[in-house]
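**Student:** Right, I'll just put the structure down here and ask away after.
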Amino acid sequence: MTRQDILQGLDTEHLLPTSPPPERRGFSTWSPADYFKLLNITTAKALALILVGGFTVYHSVLHATYDVTPCKGLLKDGMYKGNQWQPWGCMMHKYTRTDSERCFRYSRFWGKSNHFVYVGDSRVHQLYSATRLWLESGSEPSMLKPTAAGQPLSHSVWENSEQNLKLEYIPAPEVDTSMQQALEKWGKASKTQVSVPRRSNGSMDALDEHRRNLTRLKPELENIMEFGGTKVLWALQPPVNSDLVNGTDKIITNDLIWQFNSQAYRVLGKSDILVWSSLYRLVEGNLEEMVDGFHISDLALSKANQMILNLVCNDNMNFNDGSCCKSSDHRTSLQTITFSILAGAVGLSVIIIIYQLVTRRQVSNSRYQSSRPGNLSVCDLPSNSLTNLIFPLARLAVILAYFYVCDRTNFFMKENKYFTPINFWLPVLYMMVVGLFFNEESSYTSVLHVDQTDEWKGWMQMVILVYHMTGASVSIPIYLHIRVLISSYLFLAGYSHFNHFWIKGVGTGISRMLQVLFRMNFLTFVLCLCMNRPYQFYFFVPLVSFWYLVLYCVLISPPVVNNQCVEGNSSSITQYLYVVLKLVALVAVISTLYMSEVFFEKVFVTRPWKALFVTTDDDIHEWWFRWKLDRYSIVYGSLFSLAIIIGGKLKLYDDSNHSCLWPSAIAVPVSIASLIGLGSYTIFSFFCRNKADGNEIHPYISFVPIVSLVILRNMAGFLRSRYSTFFAWFGKISIELFISQYHIWLSADSHGVLVLIPNYPVLNILLTSFIFVAACHEIHLITVQLTPYFVPPEPMLAIRNIIVFVLILVPIGIHDGMF
C-alpha cells in the first residue's frame, strides 16, 4: 500500500473544492456563478489569515498608543452583565476568603509585606471596611453597619499576624495640605506594599485649586512608589444619585464630579500612578441601590473589593479565570525547542519557495495564472516527499503561533463567561435551523450510516461549543444533557469501531489502529508541547483514545470473531456468544475498577504511563471523574452494533430501502417508547437536586436517551436517508473543534472568552468563530497529510516510528518526572 492509497483511505474528498475554478479570463468578464465559486474553504482560510493579521495590527496599536495591559483593563473600564462585573478586556477571578488567605500567605512566604493604606473620605472608608470585613470573616458588605451622617472618621488599623497583613485607614476628606501631610508622615514612616489614596470633594470654584493640589501631591505619591513592590491606586470619584442626596451633599452633582475626575486624570494619567477610572462605571451601574444617594451600594462595594484583590493577588496566584493584572506565562525549555523545530520548518519552506521563484522560468500566460479565482499561490510549488512533509508542518507552525499568542500571552484580550438561558438557547436554536436548511439525500439507508454519524457528531459538537462558551454548566438540566452528548460520542465510537472490526476483521492490522490513534492525538500532542499543558488537560482525547484501545484489545483477544468467522459457520450462535461474553468480561473489569478507587489509582498511577492520566499537580482525580462517568458507553455502543448486525442477519428489520424499519404495528409503540425514554431523561434532569447525584446515576441510564434518539432518527426511511450536510461537515472536524476551542475560541484554558473586538460581543464571537473553524479545518487537513509520514501503512515502518517516538518521549518524561 502506498502513501497515496492511505491518503485516499483517510476520507480527504470533503477537503477538496466541490467544483473546478472558472475559466481563465479577466475579472471583468466573470459571471455571478464565477464569483460564487470563490465561496469555498480555501478562500475562507485566506480571509481568516487576513483577519488575524488585521487584529494583530489593531492590538499592536492599542498596546503602543494606549499602553493597554490586563491591569489597565481592570482599572480602566467595564460593564455589568447581570450582577457580574466584567472589566475591560480581562478576566476577574472571584476570590473566596480561602483564596485571599492563600494569597497573603504566599506573599509572606516570599518575604513581602501585606500593607494596605486607604486614604480618603467616607466612601473610601466604606472600601476599607468592606475589605476588612471580608478578610476578617468572609462576609459581604451588606453586613456592614451604615455610617451615620456627619459622624467623624478616625484613623483605623487592623492586623492579622498569621498572614503578615495590615489594613490602615487615614481620613482625608479633601485633596489639600492635610492629605499631603498625612501622606508625607506615613510615607516616611513605613514601607508598604499597596497604597490606596482617594478623592476630595469641592465645587466649581475649587476646580483650579483641586488641580494645583493634585500637582503638588503627585511627587509625594511617586515618592511612595519608590518603595519596592508598592502600588499607588488613585480612584476617581464615583457618581451620586441626585434623587436621593440630601443635606450638604446636594451641592455635589455628577457634572461637577466629572470635571474633578477629568482634572485628576489630566494630572495623574500619564504617570506610573494607577488611576482607577472603572470605579465610576462600577458605581454608576448600581445607583438605584444606593441608600442615601452618596455612599456606594453593597453590590458595587463587593465588586470593588474583588477588583482590589485581583489587582494585588492575581500575579501571585495560578487562577486560570483571573487574567487581570497577571503576567504572561514564561516559556519553558520544551516550548522553546518545539517552536524552534516548527520555525525551522517555516524557514525551510520559505527557502524552497524563494528558490522556485528565482529558478523557474515565468510562463507566457502568467497574468492569467495570477488572475485565476481560487489560485492563491504565487507559483506552482513542488510536490515531493520532502515538501509534502515540510509545508504542512510550516502551516501548522503558523497556526500554533496563533494558539500561543491567544492563550499564553496578554496580547489579545480575554473576558469572563456569562450565562443566561437565552444566551445558550438562542444560538443553539439558530444553528439547528441552519442545519436543517442544508440537507440532502444520502447514498446510504442503513441504520447509523456514515453520513448520519458525521451529522450527529457535528450537531453535538456545536451544542457543546455553545455550552462551553456561555458557561452553561451552572444549569443542572443543561449540564446533564451535555453529559449525554459526551456519552453519545463514546457510544458512536464503540458502534463504529465494532462495526469496522466486524466487517474488516484483523486484516487491517496494527497500522489502522495506529493511524486512528494518531489522528485522534496529533493535535493534542503538539498542544501539550506548545502550550505547556498535561495530556489529561484535553480530557476528551485521552478518554476516547483509552476506550478505543480497550475495545481493540477486547476484540482481538482470542477467540477472534468477525463476519468472516460467522459466515457459513453452523455454530454462529456460539460465535456471537463469545463476543457477548468478552463484552460482559469487560463490564466486570470496569465495575471492579470502579468499586475500588484505591485499586484504580494503583493501576493508572503506575509509571511510565502515569503522566498520561495525572494533571499538572500530579492528581489522578480528574481522570477518575471522567473515566467513571462514561465507563459503560463504549460497551453500550458495541452491544448496539452487535444487535444491529444480528437483527440484520435474522431480518428483524429492513433498512435496505426508504421504507420504515418495522410495520406500523411495531413502529408506533416503539416510537412512543422512544419518546418516553427521551422525555423521562429530561424530566429526571429537571428534578435532579445536584450534579453529584446526576453523575452517579448517569452511567446506568445514559443509554436510554441515546438509543431512543437512534430509533427515532432511523425509524422512518425518509428521515434515515436524509442528513444535514451542514452538521456533517462540522462532524468531520469534531476532534479539532473540541480541542482547539480551549485556546483560540475560548481563552485561559477554556475559563474565559477570547476577545479580538472589545465592546462588540456579537461581532467578536462571529469573527473569532470564523477564524476558529478555519483553523480547525486546516489542522484536520494537515493531520490527514502527515498521517502517512508518521504512521506508514507498512507495519514494520509504523513500529519503527513508534520506537523513535518513544525515544523522543524518554528525555521529556525524565524532565517531567515520569520515570
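Labels used: A, B, ... for chains in the order of the C-alpha cells, numbers from 1 for residues in each chain, and numbers from 1 for ligands as shown.
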What's the 6 Å shell around segment 487-492 of chain A, counting only C-alpha atoms, without same-chain residues fewer than 5 positions away, as JSON, numbers by chain?

**Tutor:** {"A": [630, 633, 634, 637]}

**Student:** Which segment 388-505 of chain A residues have any atom within 12 Å of an atom of segment 515-523 of chain A, and for each, what is the nearest pair of atoms with distance in Å to one decimal, counting only C-alpha atoms, rows sorted by chain and number, as CSV?

**Tutor:**
```
residue,atom,partner,partner_atom,distance
A:Leu393,CA,A:Leu523,CA,12.0
A:Leu396,CA,A:Leu523,CA,9.7
A:Ala397,CA,A:Leu523,CA,11.8
A:Ile399,CA,A:Leu523,CA,11.1
A:Leu400,CA,A:Leu523,CA,9.8
A:Phe403,CA,A:Leu523,CA,11.7
A:Ala493,CA,A:Val516,CA,11.4
A:His497,CA,A:Val516,CA,10.2
```

**Student:** Based on the selection just made, write N, CA and C atoms of those residues as a PDB file, in the first residue's frame.

**Tutor:**
```
ATOM      1  N   LEU A 393       3.922  21.076   8.003  1.00  0.00           N
ATOM      2  CA  LEU A 393       4.490  21.466   9.296  1.00  0.00           C
ATOM      3  C   LEU A 393       4.640  22.982   9.399  1.00  0.00           C
ATOM      4  N   LEU A 396       1.270  24.348  10.085  1.00  0.00           N
ATOM      5  CA  LEU A 396       0.945  24.049  11.482  1.00  0.00           C
ATOM      6  C   LEU A 396       1.657  25.011  12.422  1.00  0.00           C
ATOM      7  N   ALA A 397       2.899  25.366  12.101  1.00  0.00           N
ATOM      8  CA  ALA A 397       3.658  26.288  12.948  1.00  0.00           C
ATOM      9  C   ALA A 397       2.969  27.644  13.042  1.00  0.00           C
ATOM     10  N   ILE A 399      -0.249  28.260  12.679  1.00  0.00           N
ATOM     11  CA  ILE A 399      -1.471  28.106  13.473  1.00  0.00           C
ATOM     12  C   ILE A 399      -1.142  28.008  14.957  1.00  0.00           C
ATOM     13  N   LEU A 400      -0.107  27.239  15.297  1.00  0.00           N
ATOM     14  CA  LEU A 400       0.255  27.088  16.704  1.00  0.00           C
ATOM     15  C   LEU A 400       0.794  28.386  17.293  1.00  0.00           C
ATOM     16  N   PHE A 403      -2.223  30.077  18.353  1.00  0.00           N
ATOM     17  CA  PHE A 403      -2.658  29.459  19.604  1.00  0.00           C
ATOM     18  C   PHE A 403      -1.914  30.081  20.782  1.00  0.00           C
ATOM     19  N   ALA A 493     -18.467   5.929  18.951  1.00  0.00           N
ATOM     20  CA  ALA A 493     -17.132   5.366  18.748  1.00  0.00           C
ATOM     21  C   ALA A 493     -17.165   3.857  18.911  1.00  0.00           C
ATOM     22  N   HIS A 497     -16.319   1.506  15.664  1.00  0.00           N
ATOM     23  CA  HIS A 497     -15.132   0.653  15.709  1.00  0.00           C
ATOM     24  C   HIS A 497     -15.514  -0.825  15.734  1.00  0.00           C
TER      25      HIS A 497
END
```

**Student:** Please identify all polymer residues within 6 Å of segment 234-249 of chain A, counting only C-alpha atoms, omitting same-chain residues fewer than 2 positions from it, and present them as an NGL selection string.

**Tutor:** :A and (197-198 or 251-252 or 254 or 261 or 275-277 or 280 or 287 or 292-294)

**Student:** Quick one: everything within 12 Å of Ile683 of chain A, counting only C-alpha atoms, minus sequence neighbours fewer than 3 positions away in the same chain. Send it as a list in words.

**Tutor:**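 Returned residues: Ile476, Pro477, Ile478, Leu480, His481, Ile676, Gly677, Leu678, Gly679, Ser680, Phe686, Phe687, Cys688 and Pro705 of chain A.
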
**Student:** What separation in Å, quoted to one decimal, exists between atom CA of Thr336 of chain A and atom CA of Pro811 of chain A?

**Tutor:** 15.1 Å

**Student:** To one decimal place, how far is atom CA of Pro534 of chain A from atom CA of Leu342 of chain A in Å?

**Tutor:**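 About the pair atom CA of Pro534 of chain A and atom CA of Leu342 of chain A: they are 20.0 Å apart.
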
**Student:** Of the candidates A:Ile590, A:Leu153, A:Val350, A:Leu485, which one gets nearest to Ile706 of chain A if we count only C-alpha atoms?

**Tutor:**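 Answer, going by the shortest atom-to-atom distance: A:Leu485.
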
**Student:** So that I can check the secondary structure, give me every residue of segment 687-730 of chain A assigned helix (DSSP H, G or I) by backbone DSSP, as number ranges by chain.

**Tutor:** A: 687, 691-701, 703-715, 717-720, 725-730

**Student:** Just to be explicit: take each residue in the selection above, keep C-alpha atoms, and write the result as a short mmCIF file (atom, residue, chain, number, x, y, z; two decimals), in the first residue's frame.

**Tutor:**
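New file again06.cif:
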```
data_model
loop_
_atom_site.label_atom_id
_atom_site.label_comp_id
_atom_site.auth_asym_id
_atom_site.auth_seq_id
_atom_site.Cartn_x
_atom_site.Cartn_y
_atom_site.Cartn_z
CA PHE A 687 -35.76 17.08 39.17
CA LYS A 691 -24.64 17.45 39.79
CA ALA A 692 -23.17 14.80 42.09
CA ASP A 693 -26.42 12.83 42.20
CA GLY A 694 -26.84 13.10 38.43
CA ASN A 695 -23.28 11.94 37.83
CA GLU A 696 -23.79 8.85 39.98
CA ILE A 697 -26.87 7.75 38.07
CA HIS A 698 -25.69 8.84 34.62
CA PRO A 699 -23.57 5.76 33.66
CA TYR A 700 -26.52 3.42 34.24
CA ILE A 701 -29.18 5.36 32.31
CA PHE A 703 -28.04 4.58 27.03
CA VAL A 704 -31.79 5.27 27.36
CA PRO A 705 -31.86 8.72 25.67
CA ILE A 706 -29.11 7.68 23.24
CA VAL A 707 -30.86 4.54 21.98
CA SER A 708 -34.19 6.39 21.95
CA LEU A 709 -32.72 9.08 19.72
CA VAL A 710 -31.16 6.47 17.40
CA ILE A 711 -34.52 4.72 16.98
CA LEU A 712 -36.44 7.93 16.30
CA ARG A 713 -33.78 9.14 13.87
CA ASN A 714 -33.83 5.88 11.88
CA MET A 715 -37.43 4.72 12.17
CA GLY A 717 -36.97 5.85 5.73
CA PHE A 718 -37.27 9.48 4.59
CA LEU A 719 -35.55 10.58 7.84
CA ARG A 720 -32.93 7.84 7.76
CA THR A 725 -24.61 18.47 5.19
CA PHE A 726 -24.02 21.47 7.47
CA PHE A 727 -23.70 19.35 10.62
CA ALA A 728 -21.89 16.53 8.80
CA TRP A 729 -19.19 18.98 7.64
CA PHE A 730 -18.54 20.01 11.23
#
```

**Student:** Expressed in Å to a single decimal, how great is the separation between atom CA of Ile757 of chain A and atom CA of Asp272 of chain A?

**Tutor:**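 Atom CA of Ile757 of chain A sits 26.8 Å away from atom CA of Asp272 of chain A.
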
**Student:** Give me, as JSON, numbers by chain, all polymer residues having an atom no more than 6 Å from Lys166 of chain A, counting only C-alpha atoms and skipping those fewer than 4 positions away in the same chain.

**Tutor:** {"A": [115, 158, 159]}

**Student:** Which residues are close to His93 of chain A, i.e. within 10 Å by only C-alpha atoms, leaving aside same-chain residues fewer than 4 positions away? Reply as a count of residues only.

**Tutor:** 14

**Student:** Restricting the calculation to only C-alpha atoms, which member of A:Phe411, A:Asn439, A:Tyr118, A:Tyr467 is positioned closest to Phe424 of chain A?

**Tutor:** A:Tyr467
